[in-house]
Amino acid sequence: YCWWKPRSPPTYPGQLPIIGHSHILFKHRNDIWVYFSKVVEYISENGGFFQFRVGPHIMYVVDDPESVGIIANTCLDKPYFYNFMDDLLGNGLITLNGEMWKIHHKLLNPAFSQHVLNTYLNEMDAQAQNLVSQLTTVAKKGPVNITEFLGQFVLRTVCRTSLRLEVKDQDMIDNEYAKAIEEIEAIIIRRVLNPILHFPFLFKLTAMYKRQIKLSHNNKKLMDPIIHKRKSDLIATKRTVNDNDDSVPGKFKPALDLLLHLSDEQYVLSDDEIRAHLNTFVAASFDTTSAALQTILLVLGSYPEIQERVYNEIQDIFKNRDRLTKHDITKLVYLDAVIKEVLRMYNIVPLIARQIDTDIVLPKYTLRAGSSCIMSIYGLHRHSSWGPDAKQFKPERWLNPATLPTNPNVYAAFGIGKRMCIGKQYAMLSMKTSLVHTVRKFHISADISTLKWEYAVTLKAKAPLINLTLRS
Ligand code: HEM
């Protein structure tokens, strides 16, 4: 019996009767990243599998690469706590489940194809130059927090590319939207860490709920004029959604045009669904890309020799040219390695989760249907298969593919399996474009080792100060 009985992963220390580990989450609600990082390190050092209990609900935390691959491709649905984002994201791709996710994912995928991305390059380039001009105004004023500049760059880029807004409308999604996203994320994390508030009827009694509703409502409302604007722009220029000449013909259209096309011509999307998808794209790209850019600049500022190597690569490619082409992008091999290594070591999204729908039998353990599984990207990125220097920041490791781990699941900066990030290539392109211009213009200095980190869906440095000096 003992031989064939399904084995469950060991229970993480500290479990109490009835409430399980809830008391620990609550106790660490103000320093949650300090606590989570210790937990995920402990899990890595003790076999890569543990189970937690939040009341009666079982949550597994896993960083074993083989198992993570199986789970991510077998279980496509997100667990109940992803629904805490519903007010913000509606039924967008991040929170959709089941057949609906499959259908919408297939419909929306063409909006992020290489054909469409190629049409964005000039605009990304222009926005990056604009970012650099703005940074120039604060460059001489000592250490500066550039979070808002980066946030504005990302939002304007999304407005001008995926939403196809004209220059005069590029600030329709503004700083207020960005601040609302940050506040809603803080509320979501506070709710996750207070298991009593997992019950919707109790959460609805709180002031946090009212605030979340208000902020989400304001953000959703912002999308309506944008959708109407684009519709009327398309009509005013006597183009139909079908043959808008500066986008790519056929099914490869920027996100908003594709959504309008699917709604107007194929009758497959409702207004609510269009709004939810747009909101998801804007929120997902704003939060992650601006956090990633900020961390990359902090890292470049802390490793001057790596910054100089990036600078030299850029100068060799561009000589005296100002504008980027798609061929330049493929030549930025070292910059690509630096970005990948920053996303490996300083996880922007350190944890993702799936709902376990049916029992999953893994080589060592069986995961029970009805539970959730948290996949530790933080742990995967430090897995022993990265070698003895797994915990060191070494962009060079990406230059020789032969030295990289053979199991691709150990790198999951953009998620894993079928529900991987739809905006990965878009994010890489906009990060490269902005970094090329920033590194060309400024010497960056910072000290990432002294910073504290804040976890609210994404992981960001608190009060990140950077010194920018104009290069001669
Ligand atoms: C550096 C930038 C980015 C990082 C690190 C990042 C990371 C991730 C990760 C880890 C996931 C998986 C989440 C999960 O499994 O629960 C994800 C999913 C997603 N990301 Fe990104 N992302 C980035 C940029 C973007 C951009 C620019 C967009 C714009 C559209 C975007 C849209 C999405 C969407 C819609 C999903 C859900 C995909 C699905 O479930 O089908 N992301 N992203």
# chains A, B, ... in the order shown; residues from 1 in each chain; ligands from 1

call {"tool": "residues_around", "arguments": {"residues": "A:Ala412", "least_positions_apart": "3", "cutoff": "10 Å", "atoms": "only C-alpha atoms", "output": "PyMOL selection string"}}
result
chain A and resi 343-344+347+349-352+375-378+380-381+408-409+415-417+420-421

call {"tool": "write_last_selection", "arguments": {"atoms": "N, CA, C and O atoms", "output": "PDB file, in the first residue's frame"}}
result
ATOM      1  N   LEU A 343      16.586  39.937 -16.281  1.00  0.00           N
ATOM      2  CA  LEU A 343      15.288  39.322 -16.016  1.00  0.00           C
ATOM      3  C   LEU A 343      15.443  37.977 -15.292  1.00  0.00           C
ATOM      4  O   LEU A 343      14.539  37.523 -14.608  1.00  0.00           O
ATOM      5  N   ARG A 344      16.614  37.344 -15.464  1.00  0.00           N
ATOM      6  CA  ARG A 344      16.860  36.086 -14.731  1.00  0.00           C
ATOM      7  C   ARG A 344      17.144  36.363 -13.247  1.00  0.00           C
ATOM      8  O   ARG A 344      16.534  35.769 -12.366  1.00  0.00           O
ATOM      9  N   ASN A 347      13.982  38.988 -10.829  1.00  0.00           N
ATOM     10  CA  ASN A 347      12.702  38.583 -11.443  1.00  0.00           C
ATOM     11  C   ASN A 347      11.647  39.674 -11.350  1.00  0.00           C
ATOM     12  O   ASN A 347      11.281  40.099 -10.260  1.00  0.00           O
ATOM     13  N   VAL A 349       8.546  39.175 -12.563  1.00  0.00           N
ATOM     14  CA  VAL A 349       7.389  38.373 -12.107  1.00  0.00           C
ATOM     15  C   VAL A 349       7.972  37.108 -11.458  1.00  0.00           C
ATOM     16  O   VAL A 349       8.281  36.144 -12.153  1.00  0.00           O
ATOM     17  N   PRO A 350       8.149  37.107 -10.132  1.00  0.00           N
ATOM     18  CA  PRO A 350       8.871  35.989  -9.531  1.00  0.00           C
ATOM     19  C   PRO A 350       8.040  34.728  -9.310  1.00  0.00           C
ATOM     20  O   PRO A 350       8.600  33.639  -9.144  1.00  0.00           O
ATOM     21  N   LEU A 351       6.704  34.875  -9.285  1.00  0.00           N
ATOM     22  CA  LEU A 351       5.843  33.712  -9.011  1.00  0.00           C
ATOM     23  C   LEU A 351       4.642  33.742  -9.948  1.00  0.00           C
ATOM     24  O   LEU A 351       4.067  34.817 -10.170  1.00  0.00           O
ATOM     25  N   ILE A 352       4.281  32.582 -10.509  1.00  0.00           N
ATOM     26  CA  ILE A 352       3.020  32.499 -11.260  1.00  0.00           C
ATOM     27  C   ILE A 352       2.283  31.249 -10.762  1.00  0.00           C
ATOM     28  O   ILE A 352       2.887  30.409 -10.090  1.00  0.00           O
ATOM     29  N   MET A 375       4.315  28.334  -9.207  1.00  0.00           N
ATOM     30  CA  MET A 375       5.596  27.958  -9.810  1.00  0.00           C
ATOM     31  C   MET A 375       6.601  29.060  -9.508  1.00  0.00           C
ATOM     32  O   MET A 375       6.363  30.227  -9.842  1.00  0.00           O
ATOM     33  N   SER A 376       7.686  28.685  -8.855  1.00  0.00           N
ATOM     34  CA  SER A 376       8.653  29.686  -8.422  1.00  0.00           C
ATOM     35  C   SER A 376       9.640  29.988  -9.553  1.00  0.00           C
ATOM     36  O   SER A 376      10.608  29.252  -9.767  1.00  0.00           O
ATOM     37  N   ILE A 377       9.382  31.079 -10.255  1.00  0.00           N
ATOM     38  CA  ILE A 377      10.310  31.497 -11.320  1.00  0.00           C
ATOM     39  C   ILE A 377      11.627  31.894 -10.666  1.00  0.00           C
ATOM     40  O   ILE A 377      12.713  31.631 -11.180  1.00  0.00           O
ATOM     41  N   TYR A 378      11.528  32.500  -9.491  1.00  0.00           N
ATOM     42  CA  TYR A 378      12.721  32.881  -8.718  1.00  0.00           C
ATOM     43  C   TYR A 378      13.616  31.649  -8.520  1.00  0.00           C
ATOM     44  O   TYR A 378      14.829  31.703  -8.744  1.00  0.00           O
ATOM     45  N   LEU A 380      13.501  28.690 -10.231  1.00  0.00           N
ATOM     46  CA  LEU A 380      13.958  28.138 -11.519  1.00  0.00           C
ATOM     47  C   LEU A 380      15.173  28.904 -12.027  1.00  0.00           C
ATOM     48  O   LEU A 380      16.129  28.312 -12.536  1.00  0.00           O
ATOM     49  N   HIS A 381      15.146  30.233 -11.840  1.00  0.00           N
ATOM     50  CA  HIS A 381      16.238  31.066 -12.356  1.00  0.00           C
ATOM     51  C   HIS A 381      17.539  30.903 -11.573  1.00  0.00           C
ATOM     52  O   HIS A 381      18.574  31.386 -11.999  1.00  0.00           O
ATOM     53  N   PRO A 408      14.784  24.022 -21.113  1.00  0.00           N
ATOM     54  CA  PRO A 408      14.385  25.420 -21.307  1.00  0.00           C
ATOM     55  C   PRO A 408      13.470  25.948 -20.199  1.00  0.00           C
ATOM     56  O   PRO A 408      13.342  27.152 -20.023  1.00  0.00           O
ATOM     57  N   ASN A 409      12.857  25.053 -19.408  1.00  0.00           N
ATOM     58  CA  ASN A 409      11.930  25.515 -18.355  1.00  0.00           C
ATOM     59  C   ASN A 409      12.621  26.302 -17.253  1.00  0.00           C
ATOM     60  O   ASN A 409      11.943  26.949 -16.447  1.00  0.00           O
ATOM     61  N   GLY A 415       7.067  33.752 -18.312  1.00  0.00           N
ATOM     62  CA  GLY A 415       6.111  32.695 -18.036  1.00  0.00           C
ATOM     63  C   GLY A 415       6.550  31.400 -18.689  1.00  0.00           C
ATOM     64  O   GLY A 415       7.667  31.289 -19.223  1.00  0.00           O
ATOM     65  N   ILE A 416       5.651  30.437 -18.677  1.00  0.00           N
ATOM     66  CA  ILE A 416       6.052  29.101 -19.080  1.00  0.00           C
ATOM     67  C   ILE A 416       4.874  28.375 -19.727  1.00  0.00           C
ATOM     68  O   ILE A 416       3.728  28.619 -19.349  1.00  0.00           O
ATOM     69  N   GLY A 417       5.177  27.563 -20.754  1.00  0.00           N
ATOM     70  CA  GLY A 417       4.133  26.745 -21.372  1.00  0.00           C
ATOM     71  C   GLY A 417       3.183  27.576 -22.223  1.00  0.00           C
ATOM     72  O   GLY A 417       3.514  28.662 -22.693  1.00  0.00           O
ATOM     73  N   MET A 420       2.225  31.472 -21.815  1.00  0.00           N
ATOM     74  CA  MET A 420       3.359  32.399 -21.774  1.00  0.00           C
ATOM     75  C   MET A 420       2.920  33.803 -22.197  1.00  0.00           C
ATOM     76  O   MET A 420       1.869  33.949 -22.837  1.00  0.00           O
ATOM     77  N   CYS A 421       3.740  34.780 -21.884  1.00  0.00           N
ATOM     78  CA  CYS A 421       3.419  36.181 -22.188  1.00  0.00           C
ATOM     79  C   CYS A 421       3.211  36.410 -23.690  1.00  0.00           C
ATOM     80  O   CYS A 421       4.094  36.111 -24.498  1.00  0.00           O
TER      81      CYS A 421
END

call {"tool": "select_by_dssp", "arguments": {"residues": "stretch 248-440 of chain A", "states": "strand (DSSP E)", "output": "list in words"}}
result
Leu351, Ile352, Ala353, Arg354, Gln355, Ile360, Val361, Thr366, Leu367, Ser372, Cys373, Ile374, Met375 and Ser376 of chain A

call {"tool": "closest_atom_pairs", "arguments": {"of": "chain A", "to": "ligand 1", "cutoff": "8 Å", "atoms": "only C-alpha atoms and all ligand atoms", "output": "tab-separated table"}}
result
residue	atom	partner	partner_atom_place_in_ligand_line	distance
A:Lys78	CA	ligand 1	16 (O)	7.0
A:Gly92	CA	ligand 1	35 (C)	7.1
A:Leu93	CA	ligand 1	35 (C)	4.9
A:Ile94	CA	ligand 1	37 (C)	3.9
A:Thr95	CA	ligand 1	40 (O)	7.0
A:Leu96	CA	ligand 1	40 (O)	7.4
A:Trp101	CA	ligand 1	41 (O)	7.0
A:His105	CA	ligand 1	41 (O)	5.9
A:Phe112	CA	ligand 1	30 (C)	7.7
A:His277	CA	ligand 1	35 (C)	7.7
A:Thr280	CA	ligand 1	35 (C)	6.0
A:Phe281	CA	ligand 1	30 (C)	4.0
A:Val282	CA	ligand 1	29 (C)	6.4
A:Ala283	CA	ligand 1	29 (C)	7.9
A:Ala284	CA	ligand 1	31 (C)	4.7
A:Ser285	CA	ligand 1	27 (C)	3.6
A:Phe286	CA	ligand 1	27 (C)	7.1
A:Asp287	CA	ligand 1	2 (C)	7.9
A:Thr288	CA	ligand 1	2 (C)	4.5
A:Thr289	CA	ligand 1	2 (C)	4.1
A:Ser290	CA	ligand 1	1 (C)	7.6
A:Ala291	CA	ligand 1	1 (C)	7.4
A:Ala292	CA	ligand 1	1 (C)	5.2
A:Leu293	CA	ligand 1	1 (C)	7.6
A:Leu343	CA	ligand 1	5 (C)	7.1
A:Asn347	CA	ligand 1	5 (C)	7.7
A:Ile348	CA	ligand 1	5 (C)	5.4
A:Val349	CA	ligand 1	10 (C)	5.3
A:Pro350	CA	ligand 1	10 (C)	7.6
A:Leu351	CA	ligand 1	10 (C)	7.8
A:Ile352	CA	ligand 1	16 (O)	4.7
A:Ala353	CA	ligand 1	16 (O)	5.8
A:Arg354	CA	ligand 1	16 (O)	7.5
A:Ala412	CA	ligand 1	10 (C)	6.8
A:Ala413	CA	ligand 1	5 (C)	5.5
A:Phe414	CA	ligand 1	10 (C)	4.0
A:Gly415	CA	ligand 1	10 (C)	3.7
A:Ile416	CA	ligand 1	15 (O)	6.6
A:Lys418	CA	ligand 1	41 (O)	7.4
A:Arg419	CA	ligand 1	40 (O)	4.3
A:Met420	CA	ligand 1	12 (C)	5.1
A:Cys421	CA	ligand 1	18 (C)	3.5
A:Ile422	CA	ligand 1	33 (C)	5.0
A:Gly423	CA	ligand 1	28 (C)	3.7
A:Lys424	CA	ligand 1	24 (C)	5.5
A:Gln425	CA	ligand 1	27 (C)	7.8
A:Tyr426	CA	ligand 1	27 (C)	5.5
A:Ala427	CA	ligand 1	27 (C)	4.4
A:Met428	CA	ligand 1	1 (C)	6.9
A:Met431	CA	ligand 1	1 (C)	7.7

call {"tool": "write_last_selection", "arguments": {"atoms": "N, CA and C atoms", "output": "short mmCIF file (atom, residue, chain, number, x, y, z; two decimals), in the first residue's frame"}}
result
data_model
loop_
_atom_site.label_atom_id
_atom_site.label_comp_id
_atom_site.auth_asym_id
_atom_site.auth_seq_id
_atom_site.Cartn_x
_atom_site.Cartn_y
_atom_site.Cartn_z
N LYS A 78 -6.11 29.53 -14.38
CA LYS A 78 -5.48 30.24 -13.26
C LYS A 78 -6.29 29.99 -11.98
N GLY A 92 -9.90 39.69 -19.52
CA GLY A 92 -8.80 39.80 -20.48
C GLY A 92 -8.01 38.49 -20.48
N LEU A 93 -6.94 38.43 -21.31
CA LEU A 93 -6.23 37.15 -21.47
C LEU A 93 -5.60 36.64 -20.18
N ILE A 94 -5.18 37.55 -19.29
CA ILE A 94 -4.49 37.06 -18.07
C ILE A 94 -5.45 36.28 -17.18
N THR A 95 -6.70 36.73 -17.10
CA THR A 95 -7.63 36.11 -16.15
C THR A 95 -8.63 35.15 -16.79
N LEU A 96 -8.71 35.13 -18.13
CA LEU A 96 -9.66 34.21 -18.78
C LEU A 96 -9.25 32.76 -18.55
N TRP A 101 -10.49 31.18 -23.08
CA TRP A 101 -9.08 31.61 -23.19
C TRP A 101 -8.49 31.10 -24.51
N HIS A 105 -7.20 33.70 -27.19
CA HIS A 105 -5.75 33.70 -27.38
C HIS A 105 -5.43 33.53 -28.87
N PHE A 112 0.41 40.40 -32.12
CA PHE A 112 1.76 40.48 -31.54
C PHE A 112 2.78 39.75 -32.43
N HIS A 277 -9.77 43.33 -22.96
CA HIS A 277 -8.50 42.97 -23.60
C HIS A 277 -7.57 44.18 -23.67
N THR A 280 -6.16 44.90 -20.27
CA THR A 280 -5.15 43.90 -19.91
C THR A 280 -3.83 44.20 -20.62
N PHE A 281 -3.91 44.50 -21.93
CA PHE A 281 -2.66 44.78 -22.66
C PHE A 281 -1.95 46.00 -22.09
N VAL A 282 -2.73 47.06 -21.81
CA VAL A 282 -2.10 48.29 -21.32
C VAL A 282 -1.52 48.05 -19.92
N ALA A 283 -2.33 47.46 -19.04
CA ALA A 283 -1.86 47.25 -17.66
C ALA A 283 -0.67 46.31 -17.64
N ALA A 284 -0.76 45.20 -18.41
CA ALA A 284 0.33 44.20 -18.38
C ALA A 284 1.61 44.79 -18.96
N SER A 285 1.49 45.61 -19.99
CA SER A 285 2.74 46.11 -20.55
C SER A 285 3.30 47.26 -19.72
N PHE A 286 2.41 48.10 -19.18
CA PHE A 286 2.90 49.22 -18.38
C PHE A 286 3.70 48.72 -17.18
N ASP A 287 3.07 47.84 -16.40
CA ASP A 287 3.66 47.48 -15.13
C ASP A 287 4.97 46.72 -15.29
N THR A 288 4.95 45.73 -16.20
CA THR A 288 6.14 44.88 -16.33
C THR A 288 7.28 45.59 -17.05
N THR A 289 6.96 46.26 -18.17
CA THR A 289 8.05 46.82 -18.98
C THR A 289 8.72 47.97 -18.25
N SER A 290 7.93 48.81 -17.54
CA SER A 290 8.58 49.93 -16.86
C SER A 290 9.41 49.41 -15.69
N ALA A 291 8.92 48.36 -14.99
CA ALA A 291 9.72 47.78 -13.89
C ALA A 291 11.01 47.17 -14.43
N ALA A 292 10.89 46.48 -15.58
CA ALA A 292 12.09 45.84 -16.14
C ALA A 292 13.11 46.88 -16.57
N LEU A 293 12.65 47.94 -17.24
CA LEU A 293 13.57 48.98 -17.70
C LEU A 293 14.29 49.63 -16.52
N LEU A 343 16.59 39.94 -16.28
CA LEU A 343 15.29 39.32 -16.02
C LEU A 343 15.44 37.98 -15.29
N ASN A 347 13.98 38.99 -10.83
CA ASN A 347 12.70 38.58 -11.44
C ASN A 347 11.65 39.67 -11.35
N ILE A 348 11.13 40.08 -12.51
CA ILE A 348 10.05 41.08 -12.51
C ILE A 348 8.75 40.39 -12.07
N VAL A 349 8.55 39.17 -12.56
CA VAL A 349 7.39 38.37 -12.11
C VAL A 349 7.97 37.11 -11.46
N PRO A 350 8.15 37.11 -10.13
CA PRO A 350 8.87 35.99 -9.53
C PRO A 350 8.04 34.73 -9.31
N LEU A 351 6.70 34.88 -9.28
CA LEU A 351 5.84 33.71 -9.01
C LEU A 351 4.64 33.74 -9.95
N ILE A 352 4.28 32.58 -10.51
CA ILE A 352 3.02 32.50 -11.26
C ILE A 352 2.28 31.25 -10.76
N ALA A 353 1.00 31.12 -11.10
CA ALA A 353 0.26 29.99 -10.51
C ALA A 353 -0.73 29.39 -11.49
N ARG A 354 -1.09 28.14 -11.23
CA ARG A 354 -2.10 27.43 -12.02
C ARG A 354 -3.05 26.69 -11.09
N ALA A 412 12.13 31.41 -17.22
CA ALA A 412 10.68 31.66 -17.36
C ALA A 412 10.34 33.11 -17.06
N ALA A 413 11.22 34.03 -17.51
CA ALA A 413 10.97 35.46 -17.23
C ALA A 413 9.64 35.90 -17.83
N PHE A 414 9.21 35.28 -18.93
CA PHE A 414 7.95 35.63 -19.57
C PHE A 414 6.92 34.51 -19.38
N GLY A 415 7.07 33.75 -18.31
CA GLY A 415 6.11 32.70 -18.04
C GLY A 415 6.55 31.40 -18.69
N ILE A 416 5.65 30.44 -18.68
CA ILE A 416 6.05 29.10 -19.08
C ILE A 416 4.87 28.37 -19.73
N LYS A 418 1.97 27.04 -22.38
CA LYS A 418 1.03 27.63 -23.35
C LYS A 418 0.54 29.00 -22.94
N ARG A 419 0.57 29.31 -21.62
CA ARG A 419 0.09 30.63 -21.20
C ARG A 419 1.23 31.62 -21.00
N MET A 420 2.23 31.47 -21.81
CA MET A 420 3.36 32.40 -21.77
C MET A 420 2.92 33.80 -22.20
N CYS A 421 3.74 34.78 -21.88
CA CYS A 421 3.42 36.18 -22.19
C CYS A 421 3.21 36.41 -23.69
N ILE A 422 2.08 36.98 -24.04
CA ILE A 422 1.80 37.26 -25.46
C ILE A 422 2.62 38.46 -25.94
N GLY A 423 3.06 39.32 -24.98
CA GLY A 423 3.75 40.56 -25.34
C GLY A 423 5.27 40.47 -25.25
N LYS A 424 5.80 39.24 -25.19
CA LYS A 424 7.26 39.08 -24.97
C LYS A 424 8.10 39.83 -26.02
N GLN A 425 7.81 39.59 -27.30
CA GLN A 425 8.64 40.20 -28.35
C GLN A 425 8.43 41.73 -28.38
N TYR A 426 7.19 42.13 -28.11
CA TYR A 426 6.89 43.57 -28.06
C TYR A 426 7.74 44.21 -26.96
N ALA A 427 7.75 43.56 -25.78
CA ALA A 427 8.49 44.12 -24.64
C ALA A 427 9.98 44.18 -24.95
N MET A 428 10.52 43.11 -25.55
CA MET A 428 11.96 43.09 -25.86
C MET A 428 12.30 44.22 -26.83
N MET A 431 12.12 47.62 -25.03
CA MET A 431 13.23 47.78 -24.07
C MET A 431 14.54 48.05 -24.80
#

call {"tool": "select_by_dssp", "arguments": {"residues": "stretch 237-436 of chain A", "states": "helix (DSSP H, G or I)", "output": "number ranges by chain"}}
result
A: 255-264, 271-302, 304-318, 326-331, 333-345, 377-380, 384-386, 395-398, 401-403, 408-410, 417-419, 424-436

call {"tool": "closest_residue", "arguments": {"among": "A:His115, A:Lys106, A:Arg382, A:Lys221", "to": "A:Phe252", "atoms": "only C-alpha atoms"}}
result
A:His115

call {"tool": "residues_around", "arguments": {"residues": "A:Val439", "least_positions_apart": "3", "cutoff": "10 Å", "atoms": "only C-alpha atoms", "output": "list of chain:residue names"}}
result
A:Val132, A:Leu297, A:Leu300, A:Gln307, A:Glu308, A:Val310, A:Tyr311, A:Asn312, A:Ile314, A:Gln315, A:Ser434, A:Leu435, A:Val436, A:Phe442, A:His443, A:Ile444, A:Leu468, A:Leu470, A:Arg471

call {"tool": "atom_distance", "arguments": {"atom1": "atom CA of A:Leu165", "atom2": "atom CA of A:Arg230"}}
result
6.9 Å

call {"tool": "closest_residue", "arguments": {"among": "A:His28, A:Arg190, A:Lys168, A:Arg156", "to": "A:Val457", "atoms": "only C-alpha atoms"}}
result
A:Arg190

call {"tool": "residues_around", "arguments": {"residues": "A:Leu259", "least_positions_apart": "5", "cutoff": "8 Å", "atoms": "only C-alpha atoms", "output": "PyMOL selection string"}}
result
chain A and resi 108+269+274

call {"tool": "atom_distance", "arguments": {"atom1": "atom CA of A:Tyr177", "atom2": "atom CA of A:Asp125"}}
result
23.5 Å

call {"tool": "residues_around", "arguments": {"residues": "A:Arg164", "least_positions_apart": "3", "cutoff": "8 Å", "atoms": "only C-alpha atoms", "output": "number ranges by chain"}}
result
A: 159-161, 230, 254, 256-257

call {"tool": "write_last_selection", "arguments": {"atoms": "N, CA and C atoms", "output": "tab-separated table (two decimals), in the first residue's frame"}}
result
chain	number	residue	atom	x	y	z
A	159	CYS	N	0.08	53.55	-26.53
A	159	CYS	CA	-0.98	54.35	-27.18
A	159	CYS	C	-0.70	54.51	-28.67
A	160	ARG	N	0.55	54.73	-29.01
A	160	ARG	CA	0.88	55.00	-30.42
A	160	ARG	C	1.02	53.72	-31.26
A	161	THR	N	1.27	52.56	-30.59
A	161	THR	CA	1.46	51.33	-31.37
A	161	THR	C	0.19	50.46	-31.31
A	230	ARG	N	-10.60	55.74	-32.09
A	230	ARG	CA	-9.99	54.95	-33.16
A	230	ARG	C	-11.02	54.59	-34.23
A	254	PRO	N	-2.57	45.82	-35.56
A	254	PRO	CA	-2.31	46.18	-34.18
A	254	PRO	C	-3.52	45.86	-33.31
A	256	LEU	N	-5.78	47.13	-31.15
A	256	LEU	CA	-7.11	47.73	-31.16
A	256	LEU	C	-7.80	47.53	-32.51
A	257	ASP	N	-7.05	47.68	-33.62
A	257	ASP	CA	-7.66	47.49	-34.94
A	257	ASP	C	-8.15	46.05	-35.09

call {"tool": "closest_residue", "arguments": {"among": "A:Ile196, A:Val138, A:Val342, A:Met85", "to": "A:Ser216", "atoms": "only C-alpha atoms"}}
result
A:Met85
